[in-house]
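One file, query14.pdb, is given below (PDB, C-alpha atoms, pLDDT in the B column).
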ATOM      1  CA  MET A  19      22.697 -62.697  21.332  1.00 86.00           C
ATOM      2  CA  PHE A  20      25.566 -60.775  19.807  1.00 89.00           C
ATOM      3  CA  PHE A  21      25.857 -63.341  17.005  1.00 90.00           C
ATOM      4  CA  ALA A  22      22.083 -63.517  16.612  1.00 91.00           C
ATOM      5  CA  LEU A  23      22.313 -59.882  15.531  1.00 92.00           C
ATOM      6  CA  VAL A  24      23.727 -61.180  12.240  1.00 93.00           C
ATOM      7  CA  PHE A  25      20.296 -62.679  11.432  1.00 92.00           C
ATOM      8  CA  VAL A  26      18.428 -59.654  12.754  1.00 93.00           C
ATOM      9  CA  ILE A  27      20.418 -57.152  10.688  1.00 94.00           C
ATOM     10  CA  TRP A  28      20.292 -59.412   7.605  1.00 94.00           C
ATOM     11  CA  ALA A  29      16.493 -59.673   7.837  1.00 94.00           C
ATOM     12  CA  TRP A  30      16.177 -55.954   8.508  1.00 95.00           C
ATOM     13  CA  ALA A  31      18.447 -54.938   5.636  1.00 94.00           C
ATOM     14  CA  VAL A  32      16.866 -57.295   3.083  1.00 95.00           C
ATOM     15  CA  SER A  33      13.305 -56.519   4.152  1.00 94.00           C
ATOM     16  CA  LEU A  34      13.934 -52.801   3.675  1.00 93.00           C
ATOM     17  CA  SER A  35      15.790 -53.123   0.376  1.00 92.00           C
ATOM     18  CA  SER A  36      12.820 -53.873  -1.886  1.00 93.00           C
ATOM     19  CA  PRO A  37       9.306 -55.370  -1.952  1.00 94.00           C
ATOM     20  CA  GLU A  38      10.825 -58.610  -3.234  1.00 94.00           C
ATOM     21  CA  GLY A  39      13.321 -58.541  -0.366  1.00 94.00           C
ATOM     22  CA  PHE A  40      10.470 -58.027   2.068  1.00 95.00           C
ATOM     23  CA  GLU A  41       8.610 -61.023   0.623  1.00 95.00           C
ATOM     24  CA  GLN A  42      11.776 -63.102   0.783  1.00 95.00           C
ATOM     25  CA  VAL A  43      12.259 -62.356   4.497  1.00 95.00           C
ATOM     26  CA  LYS A  44       8.566 -62.991   5.114  1.00 93.00           C
ATOM     27  CA  LEU A  45       8.921 -66.351   3.369  1.00 94.00           C
ATOM     28  CA  VAL A  46      12.036 -67.284   5.331  1.00 94.00           C
ATOM     29  CA  LEU A  47      10.312 -66.374   8.586  1.00 93.00           C
ATOM     30  CA  GLN A  48       7.584 -68.932   7.905  1.00 93.00           C
ATOM     31  CA  SER A  49       9.992 -71.818   8.487  1.00 93.00           C
ATOM     32  CA  PHE A  50      10.219 -73.420  11.924  1.00 94.00           C
ATOM     33  CA  ILE A  51      13.965 -72.947  12.231  1.00 93.00           C
ATOM     34  CA  ALA A  52      13.699 -69.193  11.522  1.00 93.00           C
ATOM     35  CA  LYS A  53      10.908 -68.803  14.047  1.00 94.00           C
ATOM     36  CA  PHE A  54      12.943 -70.794  16.555  1.00 94.00           C
ATOM     37  CA  ILE A  55      15.979 -68.530  16.049  1.00 93.00           C
ATOM     38  CA  ALA A  56      13.711 -65.480  16.396  1.00 93.00           C
ATOM     39  CA  TRP A  57      12.123 -66.951  19.531  1.00 95.00           C
ATOM     40  CA  GLY A  58      15.520 -67.802  20.983  1.00 95.00           C
ATOM     41  CA  THR A  59      16.913 -64.350  20.285  1.00 94.00           C
ATOM     42  CA  ILE A  60      13.875 -62.542  21.709  1.00 95.00           C
ATOM     43  CA  THR A  61      13.781 -64.805  24.775  1.00 96.00           C
ATOM     44  CA  VAL A  62      17.481 -64.317  25.508  1.00 95.00           C
ATOM     45  CA  LEU A  63      17.048 -60.569  25.063  1.00 95.00           C
ATOM     46  CA  LEU A  64      14.078 -60.592  27.451  1.00 96.00           C
ATOM     47  CA  TYR A  65      16.127 -62.350  30.127  1.00 96.00           C
ATOM     48  CA  HIS A  66      19.015 -59.943  29.581  1.00 96.00           C
ATOM     49  CA  MET A  67      16.678 -56.956  29.872  1.00 95.00           C
ATOM     50  CA  ILE A  68      14.791 -58.144  32.959  1.00 96.00           C
ATOM     51  CA  GLY A  69      18.050 -59.064  34.650  1.00 95.00           C
ATOM     52  CA  GLY A  70      19.511 -55.721  33.614  1.00 95.00           C
ATOM     53  CA  ILE A  71      16.598 -53.764  35.020  1.00 94.00           C
ATOM     54  CA  ARG A  72      16.944 -55.779  38.235  1.00 94.00           C
ATOM     55  CA  HIS A  73      20.629 -54.787  38.312  1.00 93.00           C
ATOM     56  CA  LEU A  74      19.776 -51.115  37.827  1.00 93.00           C
ATOM     57  CA  ILE A  75      17.436 -51.334  40.818  1.00 94.00           C
ATOM     58  CA  MET A  76      20.074 -53.128  42.840  1.00 93.00           C
ATOM     59  CA  ASP A  77      22.565 -50.385  41.930  1.00 93.00           C
ATOM     60  CA  MET A  78      20.251 -48.012  43.756  1.00 92.00           C
ATOM     61  CA  GLY A  79      20.760 -50.021  46.904  1.00 90.00           C
ATOM     62  CA  HIS A  80      17.733 -52.306  46.899  1.00 90.00           C
ATOM     63  CA  TRP A  81      17.451 -56.087  47.157  1.00 90.00           C
ATOM     64  CA  GLU A  82      20.838 -56.476  48.787  1.00 90.00           C
ATOM     65  CA  GLU A  83      19.877 -58.783  51.639  1.00 92.00           C
ATOM     66  CA  LEU A  84      19.739 -62.532  51.154  1.00 92.00           C
ATOM     67  CA  LYS A  85      15.918 -62.778  51.236  1.00 92.00           C
ATOM     68  CA  SER A  86      15.136 -59.792  48.990  1.00 90.00           C
ATOM     69  CA  GLY A  87      17.952 -60.640  46.587  1.00 91.00           C
ATOM     70  CA  ASN A  88      16.747 -64.194  46.267  1.00 93.00           C
ATOM     71  CA  LEU A  89      13.123 -63.143  45.882  1.00 94.00           C
ATOM     72  CA  SER A  90      13.923 -60.646  43.109  1.00 93.00           C
ATOM     73  CA  ALA A  91      15.950 -63.330  41.333  1.00 93.00           C
ATOM     74  CA  VAL A  92      13.057 -65.787  41.470  1.00 95.00           C
ATOM     75  CA  ILE A  93      10.653 -63.117  40.210  1.00 94.00           C
ATOM     76  CA  THR A  94      13.069 -62.350  37.355  1.00 94.00           C
ATOM     77  CA  ILE A  95      13.060 -65.976  36.237  1.00 95.00           C
ATOM     78  CA  VAL A  96       9.295 -66.397  36.608  1.00 96.00           C
ATOM     79  CA  LEU A  97       8.616 -63.183  34.666  1.00 96.00           C
ATOM     80  CA  TRP A  98      11.067 -64.319  31.995  1.00 96.00           C
ATOM     81  CA  ILE A  99       9.398 -67.704  31.555  1.00 96.00           C
ATOM     82  CA  VAL A 100       5.970 -66.083  31.262  1.00 97.00           C
ATOM     83  CA  LEU A 101       7.226 -63.663  28.587  1.00 96.00           C
ATOM     84  CA  ALA A 102       9.077 -66.465  26.793  1.00 95.00           C
ATOM     85  CA  VAL A 103       5.837 -68.437  26.537  1.00 96.00           C
ATOM     86  CA  LEU A 104       3.963 -65.328  25.338  1.00 95.00           C
ATOM     87  CA  THR A 105       6.646 -64.781  22.689  1.00 94.00           C
ATOM     88  CA  GLY A 106       6.211 -68.374  21.562  1.00 95.00           C
ATOM     89  CA  VAL A 107       2.454 -67.935  21.272  1.00 95.00           C
ATOM     90  CA  TRP A 108       2.918 -64.682  19.364  1.00 93.00           C
ATOM     91  CA  LEU A 109       5.344 -66.238  16.904  1.00 91.00           C
ATOM     92  CA  TRP A 110       3.594 -69.523  16.285  1.00 90.00           C
ATOM     93  CA  PHE A 111      -0.106 -68.724  16.667  1.00 84.00           C
TER
ATOM     94  CA  MET B   3      46.268 -39.314  41.757  1.00 59.00           C
ATOM     95  CA  VAL B   4      46.576 -37.776  38.301  1.00 63.00           C
ATOM     96  CA  LEU B   5      43.142 -37.454  36.755  1.00 63.00           C
ATOM     97  CA  ASN B   6      43.748 -37.883  33.038  1.00 64.00           C
ATOM     98  CA  GLN B   7      40.675 -36.482  31.327  1.00 66.00           C
ATOM     99  CA  ALA B   8      42.463 -35.957  28.049  1.00 67.00           C
ATOM    100  CA  SER B   9      42.969 -39.614  27.190  1.00 68.00           C
ATOM    101  CA  LEU B  10      40.385 -41.660  25.351  1.00 69.00           C
ATOM    102  CA  LYS B  11      41.074 -44.571  27.630  1.00 74.00           C
ATOM    103  CA  ARG B  12      38.160 -45.970  29.564  1.00 75.00           C
ATOM    104  CA  ASP B  13      38.128 -46.213  33.317  1.00 83.00           C
ATOM    105  CA  GLY B  14      35.810 -48.126  35.573  1.00 87.00           C
ATOM    106  CA  VAL B  15      33.459 -45.216  36.123  1.00 90.00           C
ATOM    107  CA  LYS B  16      33.070 -44.530  32.383  1.00 90.00           C
ATOM    108  CA  ASP B  17      32.360 -48.221  31.743  1.00 91.00           C
ATOM    109  CA  TYR B  18      29.876 -48.377  34.603  1.00 93.00           C
ATOM    110  CA  VAL B  19      27.953 -45.323  33.404  1.00 94.00           C
ATOM    111  CA  SER B  20      28.198 -46.046  29.665  1.00 93.00           C
ATOM    112  CA  LEU B  21      26.924 -49.599  30.102  1.00 95.00           C
ATOM    113  CA  ARG B  22      23.835 -48.414  31.945  1.00 95.00           C
ATOM    114  CA  ALA B  23      23.210 -45.340  29.793  1.00 96.00           C
ATOM    115  CA  THR B  24      23.326 -47.406  26.598  1.00 96.00           C
ATOM    116  CA  ALA B  25      21.164 -50.075  28.240  1.00 96.00           C
ATOM    117  CA  ILE B  26      18.430 -47.508  28.860  1.00 96.00           C
ATOM    118  CA  ILE B  27      18.487 -46.341  25.237  1.00 97.00           C
ATOM    119  CA  LEU B  28      18.450 -49.935  23.994  1.00 96.00           C
ATOM    120  CA  THR B  29      15.499 -50.762  26.254  1.00 96.00           C
ATOM    121  CA  LEU B  30      13.579 -47.736  24.975  1.00 97.00           C
ATOM    122  CA  TYR B  31      14.222 -48.743  21.382  1.00 97.00           C
ATOM    123  CA  THR B  32      13.209 -52.329  22.047  1.00 96.00           C
ATOM    124  CA  LEU B  33       9.957 -51.224  23.682  1.00 96.00           C
ATOM    125  CA  PHE B  34       9.319 -48.874  20.767  1.00 97.00           C
ATOM    126  CA  ILE B  35       9.735 -51.656  18.210  1.00 95.00           C
ATOM    127  CA  LEU B  36       7.617 -54.003  20.334  1.00 94.00           C
ATOM    128  CA  GLY B  37       4.913 -51.336  20.458  1.00 95.00           C
ATOM    129  CA  PHE B  38       5.099 -50.923  16.685  1.00 95.00           C
ATOM    130  CA  PHE B  39       4.546 -54.642  16.095  1.00 93.00           C
ATOM    131  CA  LEU B  40       1.721 -54.818  18.631  1.00 92.00           C
ATOM    132  CA  VAL B  41      -0.059 -51.743  17.271  1.00 94.00           C
ATOM    133  CA  THR B  42       0.345 -52.424  13.552  1.00 93.00           C
ATOM    134  CA  PRO B  43      -2.304 -54.966  12.474  1.00 89.00           C
ATOM    135  CA  GLU B  44      -0.401 -56.133   9.396  1.00 91.00           C
ATOM    136  CA  VAL B  45       3.199 -55.136   8.649  1.00 93.00           C
ATOM    137  CA  THR B  46       3.454 -54.670   4.900  1.00 94.00           C
ATOM    138  CA  TYR B  47       6.458 -53.519   2.921  1.00 94.00           C
ATOM    139  CA  ASP B  48       5.076 -49.989   2.636  1.00 94.00           C
ATOM    140  CA  VAL B  49       4.373 -49.719   6.358  1.00 95.00           C
ATOM    141  CA  TRP B  50       7.800 -51.157   7.198  1.00 95.00           C
ATOM    142  CA  LYS B  51       9.594 -48.836   4.793  1.00 95.00           C
ATOM    143  CA  ALA B  52       7.600 -45.836   6.014  1.00 95.00           C
ATOM    144  CA  LEU B  53       8.649 -46.586   9.580  1.00 95.00           C
ATOM    145  CA  PHE B  54      12.329 -46.309   8.708  1.00 94.00           C
ATOM    146  CA  SER B  55      12.107 -43.451   6.232  1.00 93.00           C
ATOM    147  CA  GLY B  56      11.457 -40.744   8.805  1.00 93.00           C
ATOM    148  CA  LEU B  57      14.564 -38.776   9.764  1.00 95.00           C
ATOM    149  CA  LEU B  58      13.889 -39.101  13.489  1.00 96.00           C
ATOM    150  CA  MET B  59      13.556 -42.881  13.229  1.00 96.00           C
ATOM    151  CA  LYS B  60      16.761 -43.097  11.204  1.00 95.00           C
ATOM    152  CA  ALA B  61      18.609 -41.110  13.870  1.00 96.00           C
ATOM    153  CA  PHE B  62      17.093 -43.197  16.657  1.00 97.00           C
ATOM    154  CA  THR B  63      18.032 -46.419  14.871  1.00 96.00           C
ATOM    155  CA  LEU B  64      21.600 -45.288  14.236  1.00 96.00           C
ATOM    156  CA  LEU B  65      21.871 -44.142  17.856  1.00 96.00           C
ATOM    157  CA  THR B  66      20.684 -47.569  18.932  1.00 96.00           C
ATOM    158  CA  LEU B  67      23.217 -49.332  16.727  1.00 95.00           C
ATOM    159  CA  ALA B  68      25.974 -47.152  18.174  1.00 95.00           C
ATOM    160  CA  CYS B  69      24.699 -47.931  21.679  1.00 96.00           C
ATOM    161  CA  ILE B  70      24.746 -51.635  20.846  1.00 95.00           C
ATOM    162  CA  ALA B  71      28.403 -51.292  19.844  1.00 94.00           C
ATOM    163  CA  VAL B  72      29.313 -49.466  23.078  1.00 94.00           C
ATOM    164  CA  HIS B  73      27.195 -51.764  25.278  1.00 95.00           C
ATOM    165  CA  THR B  74      28.655 -54.839  23.587  1.00 94.00           C
ATOM    166  CA  LYS B  75      32.216 -53.587  23.710  1.00 93.00           C
ATOM    167  CA  ILE B  76      32.091 -53.013  27.461  1.00 93.00           C
ATOM    168  CA  GLY B  77      29.993 -56.099  28.197  1.00 94.00           C
ATOM    169  CA  LEU B  78      32.162 -58.415  26.118  1.00 93.00           C
ATOM    170  CA  TRP B  79      35.312 -56.938  27.631  1.00 93.00           C
ATOM    171  CA  GLN B  80      33.972 -57.790  31.083  1.00 92.00           C
ATOM    172  CA  VAL B  81      33.085 -61.324  29.941  1.00 93.00           C
ATOM    173  CA  LEU B  82      36.399 -61.918  28.213  1.00 94.00           C
ATOM    174  CA  THR B  83      38.503 -60.654  31.096  1.00 93.00           C
ATOM    175  CA  ASP B  84      36.542 -62.943  33.401  1.00 94.00           C
ATOM    176  CA  TYR B  85      36.784 -66.109  31.350  1.00 94.00           C
ATOM    177  CA  VAL B  86      39.600 -65.857  28.833  1.00 92.00           C
ATOM    178  CA  LYS B  87      42.813 -65.718  30.854  1.00 91.00           C
ATOM    179  CA  ASN B  88      45.157 -66.190  27.885  1.00 93.00           C
ATOM    180  CA  ALA B  89      45.988 -62.645  26.808  1.00 92.00           C
ATOM    181  CA  ALA B  90      46.776 -63.500  23.188  1.00 94.00           C
ATOM    182  CA  LEU B  91      43.522 -65.411  22.700  1.00 94.00           C
ATOM    183  CA  ARG B  92      41.586 -62.690  24.482  1.00 94.00           C
ATOM    184  CA  GLY B  93      43.194 -60.090  22.251  1.00 94.00           C
ATOM    185  CA  VAL B  94      42.236 -61.943  19.078  1.00 95.00           C
ATOM    186  CA  LEU B  95      38.674 -62.489  20.322  1.00 94.00           C
ATOM    187  CA  GLN B  96      38.321 -58.829  21.249  1.00 94.00           C
ATOM    188  CA  PHE B  97      39.565 -57.818  17.810  1.00 95.00           C
ATOM    189  CA  LEU B  98      37.079 -60.099  16.033  1.00 95.00           C
ATOM    190  CA  LEU B  99      34.120 -59.171  18.240  1.00 94.00           C
ATOM    191  CA  TYR B 100      34.746 -55.432  18.162  1.00 93.00           C
ATOM    192  CA  THR B 101      35.170 -55.556  14.383  1.00 95.00           C
ATOM    193  CA  LEU B 102      31.831 -57.381  14.129  1.00 94.00           C
ATOM    194  CA  ALA B 103      30.218 -54.763  16.395  1.00 94.00           C
ATOM    195  CA  PHE B 104      31.515 -51.989  14.152  1.00 94.00           C
ATOM    196  CA  GLY B 105      30.287 -53.961  11.153  1.00 95.00           C
ATOM    197  CA  TYR B 106      26.756 -53.901  12.537  1.00 95.00           C
ATOM    198  CA  VAL B 107      26.865 -50.114  12.815  1.00 95.00           C
ATOM    199  CA  ALA B 108      28.350 -49.729   9.338  1.00 95.00           C
ATOM    200  CA  VAL B 109      25.790 -52.027   7.716  1.00 95.00           C
ATOM    201  CA  GLY B 110      23.006 -50.315   9.620  1.00 95.00           C
ATOM    202  CA  LEU B 111      24.206 -46.895   8.485  1.00 95.00           C
ATOM    203  CA  PHE B 112      24.123 -47.874   4.809  1.00 94.00           C
ATOM    204  CA  VAL B 113      20.769 -49.598   5.165  1.00 94.00           C
ATOM    205  CA  LEU B 114      19.315 -46.422   6.665  1.00 94.00           C
ATOM    206  CA  TRP B 115      21.037 -44.387   3.976  1.00 93.00           C
ATOM    207  CA  GLY B 116      19.196 -46.274   1.308  1.00 90.00           C
ATOM    208  CA  VAL B 117      15.729 -46.038   2.815  1.00 88.00           C
TER
END
Turn this file's structure into structure tokens for me.
Amino acid sequence: MFFALVFVIWAWAVSLSSPEGFEQVKLVLQSFIAKFIAWGTITVLLYHMIGGIRHLIMDMGHWEELKSGNLSAVITIVLWIVLAVLTGVWLWF
Amino acid sequence: MVLNQASLKRDGVKDYVSLRATAIILTLYTLFILGFFLVTPEVTYDVWKALFSGLLMKAFTLLTLACIAVHTKIGLWQVLTDYVKNAALRGVLQFLLYTLAFGYVAVGLFVLWGV
């Protein structure tokens, strides 16, 4: 994710620089590989965020038993997959 | 136990708190950007430039970039100390990664400067 930031900041910088830059980024983002990198980055970030929020809740003393810990982990993964699919739909359709 | 508040060194508590504090700011920024893309029917150059030309948005973006650097620095330190046992290699990796993290902030600053 940390290395994906190179693409994010490049696209952000170029798209803000000028109308031509904006068009160039828009053009690049049409290609499958660019959308796949965007999808991958967003999906990884989503997992990181959901897992992080789960950790914050756990820091407050919840979900520390085997059953609740396991359940919250399963929910994290299910929620992530749902959002990953939604991101895919958003990017490609 | 000598409590050394004067040093810039990090201790476990600072890392613990900084990681979570920056995570909250990063989550807020991410949700904000997500909201922008969901609300804006068509993102044109003018709309995109207008978003980043407001002073508040520039400050928020720079704050987020700084938080990314702090969050990454602590997170990557934890990862590297877990997995890279060779001190020299770990040192080189930390140098490269932290320099890249600073680079993001620097680039971001000059992008915002120009908007």
Applying 12 Å and only C-alpha atoms, which residues near Leu104 in chain A remain after dropping the ones on its own chain fewer than 6 positions away? List them as a list in words. Trp57, Ile60, Thr61, Leu64, Leu97, Trp98, Trp110 and Phe111 of chain A
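One finds CA of Ser55 in chain B at 5.6 Å from CA of Val117 in chain B.
Of the listed residues B:Leu28, B:Val86, B:Ala71, B:Met59, the one whose atoms come nearest to Leu99 in chain B is B:Ala71, with distances taken using only C-alpha atoms.
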Residues of chain B within 7 Å of chain A, counting only C-alpha atoms, what are they? List them as a PDB file with C-alpha atoms, keeping the file's coordinate frame.
ATOM      1  CA  TYR B  47       6.458 -53.519   2.921  1.00 94.00           C
ATOM      2  CA  LYS B  51       9.594 -48.836   4.793  1.00 95.00           C
ATOM      3  CA  VAL B 113      20.769 -49.598   5.165  1.00 94.00           C
TER       4      VAL B 113
END
For a cut-off of 12 Å around (13.1, -62.4, 39.5), file coordinates, pick out all residues using all atoms listed in the file and list them as a ChimeraX atom specification. /A:65-73,75,81,86-100
Give me, as a VMD selection string, all polymer residues having an atom no more than 12 Å from range 34-44 of chain B, counting only C-alpha atoms and skipping those fewer than 2 positions away in the same chain. (chain A and resid 60 64 105 108 to 109) or (chain B and resid 27 to 32 46 to 50 53 to 54 59 62 to 63 66)
Find the residues around Leu21 in chain B up to 10 Å (all atoms listed in the file counted), leave out those fewer than 4 positions away in its own chain, and share them as a PyMOL selection string. chain B and resi 15-17+25-26+69-70+72-77
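Atom to atom, CA of Lys60 in chain B and CA of Trp115 in chain B stand 8.5 Å apart.
Going from CA of Thr24 in chain B to CA of Phe25 in chain A covers 21.7 Å.
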If I wrap all listed atoms of range 48-53 of chain B in a box with edges along x, y and z and add 3 Å on each side, what are its centre and edge lengths in Å to one decimal, as JSON?
{"center_x": 7.0, "center_y": -48.5, "center_z": 6.1, "size_x": 11.2, "size_y": 11.3, "size_z": 12.9}
B:Leu78, B:Val109, B:Tyr85, B:Arg22 ranked by distance to Met19 in chain A, top pick (using all atoms listed in the file): B:Leu78
